[in-house]
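Colleague: Before we start, here is the structure in question, set down as structure tokens.
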Amino acid sequence: MFKIVHAEFIAPGIKRHVLEAPRIARKQKPGQFVILRIREEGERIPLTIENSDPERGTISIVVQSAGKTTQLLNSLNTGDSILDVVGPLGKPSEIEQFGTVVVIGGGVGTAMAYPSAAAFKRAGNRVISIVGARNKELVILEEEMRAVSDDLMITTDDGSYGEKGFVTDKLRQLIENGTRIDLVLAVGPIVMMKAVADLTRKESIRTVVSLNPIMIDGTGMCGGCRVLVDGKSEFACVDGPEFDAHRVDFAVLVQRNSMYRDAEQRSLAEFRRMREAEMAATQGEHICVNAQGAEQ
Amino acid sequence: MSPTVKKSLNPLLPRERMKVPRQLMPEQPAEERAHNFNEVNLGYDPELARQEALRCLECAKPVCTDNCPVGVKVKEFVELIVAGDFLGAAAKIREDNVLPAVTGRVCPQEDHCEGNCLLSKKVKPLGIGYLERFVADYEQKMGNHVVPNVTPTGKKIAIVGSGPSGLTAAGDLIQRGHKVRVFEALHELGGVLVYGIPEFRLPKQIIREQLDYMREMGVEFETDVVVGRTVTIDELIEEEGYDAVFIGTGAGLPQFMGIPGEHLNGVYSANEFLTRINLMKAYKFPVYDEPMLDLHGKDVAVIGGGNTALDAIRSALRLGARKAYVIYRRSDAEMPARAEEVHHARQEGIDFQMLTAPVEFVSDGKGWLTAARCVRMELGEPDASGRRRPVPMKGSEFDLPLSVAVIAIGTSANPIVQSTTPGLGTNKRGYIQADETTQRTSRKGVFAGGDIVTGSATVILAMGAGRRAAKSIHEYLTTGEW
């Protein structure tokens, strides 16, 4: 059992969980992830580690409610426990002094890009960060990113904060302004990572993306997380999760990630129905209590 | 040696023993079991077991024991069955084999103990596997485990991986008085015994019972630890104070064929397919959260001819597949699967497409599998493995309509431990190099065995390696000599 020592929403539907996991905390490096299973009937899902505190023996993960498992996870609070957490998995980010590194975080991907941005900074790089979100409320880790960046740019799809537009608009501006870029790290939705890759390919800028295929064991046993890289099968759990963006077949990744869409939707729908029934039942109890109270 | 001749407890003369037919294993009818995950074999009762045990010729030089990777004293335990001392028989097996209820079910006896049984020269070999299973189950039912009393040595050993080799090493080492802790990457213990082998061949309950027994003996287990990532071999030795480490991490990355369409939705590796079913219970979706593609009324094929291939396709059949094919590029004679599994699979209605190989997986244009394009093969000259090489026949291409294809053509080395342990020698294929008798690696105090050394093999071969490693670890820890 892994205890949640602190849980709080940092944006609508996005929660940070600090977990007691001393072994993982001691070993975690930027770019690595954990696989967790909330309960006996739960599935195993991979989540990137946002941060770790080896002294306190804790790690933090940032979770966006999407499917059943992430919704269930985000319904847990400080003091609750998670059945299994295993990690840190995957190869750590390659951190060197490259020169100027542009770190791009899209949506909740910002939490995954953050530890690498901090490490790039510590390694003596000039770090330019671009954080993108749908709207102002969904911009996360702004202060943290600012603290480790020489320059921080924010874009929102609707223009409610920062500049209206996409992260690629900012990246294009940087390129057009003649900014020397030695490396780009992009973490976020697949469409965003693909757009970044298409843009930097033309400019021959080395670009790394962190991939999020469907995964089960995360230790190189099942092969479910295979991605097509340069036409060959590679395994995100042991060969990744970071890959050279210009060699990744993003179309195959999108297609394989859609494999269980029907099941995922069914699972989520049943979960919601059960939650609503529970809510209704609890409310019913309240009404009864109130009614009794009124009688007295 | 004193020339005392022990009188046999067997009342039958050798030629009378030859006349007793091999006792059939009671099994679930094929048409019934093809739709459930309950065990196929039901096990002997005491009467059947004694009848079968009477067939043993009690050879002066028992080749059965010589051919057993863990050296089970077959003649002696069978004699105890004849005498009606079933618990004594179980204890006798346990001297050499800590997982008798497992090997009694999944061991390819025809390649080992039963393979050279003297009886098989004239009649069918002694049902050693069936007898082993009987006494192991009997012992479990009686709840009569004997926990050996040993003097602690004060030495501490880390076992990496809770599969057959790790459990065997752990069981042997704890009985020699060492402290033993087993680290497992997954959330459940047992390795391939739980994620790979399906319920109908090896019920999970059997493994749980064996694990409980090991806990009673004092073995400690820790799940959710990926050695190499969560903690390294060096940290186990230097920081956690382990005196020796045994690496039994098993086979690794599934191999693919490198043919077009392998990334289509509907194409699984056997490890993923079986892990979803066995470990994650995806067939109980949505009660369990892990999904898998619905196989009801679908046509499914497995590519490969080993035990894993048969486990996968027989699972597909039980999950409602309409047609269930085995596509194998060689012929029956070369199939590496256990004879009993092939026999059972045929009874259940699995369609064997022999001398056939896929050359492409065909898409529906939206990323989903619709067929396997296959060619028929003929056997040519023997290849490096000594088996006749399959050669494609010109113009034999055909499309086999499929919704799901499962690739079970083997695995390659998992790199995690090797890449995080400096100085640990590996071979060209990335497997850990270990001495064949001592299981020692190039690193002092570090031993390895099982699939991570040999590549994909069998449960019993991994157990044999675990046993040799335990012996050699014990020697190292008592003498201090490397």
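Within each chain, counting starts at residue 1; across the structure tokens, chains are named A, B, ... in the order shown, with ligands numbered 1 upward in that order.
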List the neighbours of B:Gly445 out to 7 Å using only C-alpha atoms; skip same-chain residues closer than 6 positions along the sequence, and give me the result as a PyMOL selection string.
Modeller: chain B and resi 243-245
Colleague: Would you return as JSON, numbers by chain the members of stretch 212-393 of chain B that DSSP assigns to strand (DSSP E) on this structure's backbone?
Modeller: {"B": [220, 221, 222, 244, 245, 246, 247, 267, 268, 269, 299, 300, 301, 302, 303, 323, 324, 325, 326, 327, 351, 352, 353, 356, 357, 358, 359, 360, 361, 362, 363, 369, 370, 371, 372, 373, 374, 375, 376, 377, 378, 379, 380, 381, 382, 388, 389, 390, 391, 392]}
Colleague: Tell me, as a list in words, which residues lie within 12 Å of B:Leu48, counting only C-alpha atoms; anything in the same chain fewer than 4 positions away does not count.
Modeller: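 Selected residues are Val20, Pro21, Arg22, Gln23, Leu24, Met25, Pro26, Gly43, Tyr44, Glu52, Ala53, Leu54, Arg55, Ile81, Val82, Gly84, Gly127, Tyr130, Leu131, Phe134 and Val135 of chain B.
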Colleague: What are the residues of chain B that have an atom within 8 Å of an atom of chain A, counting only C-alpha atoms, as a count of residues only?
Modeller: 37
Colleague: Give me the residues within 9 Å of B:Lys394 as number ranges by chain, counting only C-alpha atoms and dropping any in the same chain fewer than 6 places off.
Modeller: B: 375-377
Colleague: Might you pull out every residue within 12 Å of stretch 197-205 of chain A, with only C-alpha atoms counted and same-chain residues fewer than 3 positions away left off, and present them as a ChimeraX atom specification?
Modeller: /A:98,100-102,104,167-176,178-187,190-194,208-210,243-250
Colleague: Which residues are near A:Gly165? Cut-off 6 Å, only C-alpha atoms, ignore same chain within fewer than 6 positions. Put them as a VMD selection string.
Modeller: chain A and resid 155 to 157
Colleague: Store the residues picked out above, limited to N, CA, C and O atoms, as a short mmCIF file (atom, residue, chain, number, x, y, z; two decimals), in the first residue's frame.
Modeller:
data_model
loop_
_atom_site.label_atom_id
_atom_site.label_comp_id
_atom_site.auth_asym_id
_atom_site.auth_seq_id
_atom_site.Cartn_x
_atom_site.Cartn_y
_atom_site.Cartn_z
N THR A 155 0.74 30.06 -23.79
CA THR A 155 -0.29 30.22 -24.82
C THR A 155 -1.56 29.53 -24.34
O THR A 155 -1.49 28.52 -23.63
N THR A 156 -2.68 30.10 -24.68
CA THR A 156 -3.96 29.41 -24.42
C THR A 156 -4.74 29.38 -25.73
O THR A 156 -4.65 30.30 -26.54
N ASP A 157 -5.50 28.29 -25.90
CA ASP A 157 -6.27 28.12 -27.15
C ASP A 157 -7.26 29.27 -27.33
O ASP A 157 -7.49 29.74 -28.44
#
Colleague: Pick out the residues sitting within 10 Å of B:Glu114, and hand them over as an MDAnalysis selection string; count only C-alpha atoms, and ignore anything fewer than 2 positions along from it in its own chain.
Modeller: chainID B and resid 63:65 67:68 108:112 116:120 124:129
Colleague: Determine the nearest neighbour of B:Asn278 from the options B:Glu188, B:Glu220, B:Asp172, B:Asp66, counting only C-alpha atoms.
Modeller: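 Smallest separation from B:Asn278 among the options: B:Glu188.
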Colleague: Just to confirm, what's the straight-line distance from atom CA of B:Gln28 to atom CA of B:Ile277 in Å (one decimal)?
Modeller: 21.1 Å
Colleague: Give the helix (DSSP H, G or I) residues of stretch 147-191 of chain B, as DSSP finds them on the backbone, and put them as a list in words.
Modeller: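 Here is the list: Pro164, Ser165, Gly166, Leu167, Thr168, Ala169, Ala170, Gly171, Asp172, Leu173 and Ile174 of chain B.
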Colleague: Could you take the residues named above and write them with C-alpha atoms, as a compact mmCIF listing (two decimals), in the first residue's frame?
Modeller:
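Now in again.txt:
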# COMPACT_ATOMS: atom_id res chain seq x y z
CA PRO B 164 10.10 -20.72 -11.12
CA SER B 165 13.87 -20.22 -10.84
CA GLY B 166 13.64 -17.60 -8.08
CA LEU B 167 11.11 -19.55 -6.02
CA THR B 168 13.18 -22.72 -6.32
CA ALA B 169 16.36 -20.95 -5.23
CA ALA B 170 14.46 -19.27 -2.37
CA GLY B 171 12.97 -22.55 -1.18
CA ASP B 172 16.31 -24.35 -1.21
CA LEU B 173 18.20 -21.50 0.48
CA ILE B 174 15.70 -20.96 3.30
Colleague: What's the separation between atom CA of B:Ala357 and atom CA of B:Glu397, in Å to one decimal place?
Modeller: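 Atom CA of B:Ala357 sits 9.6 Å away from atom CA of B:Glu397.
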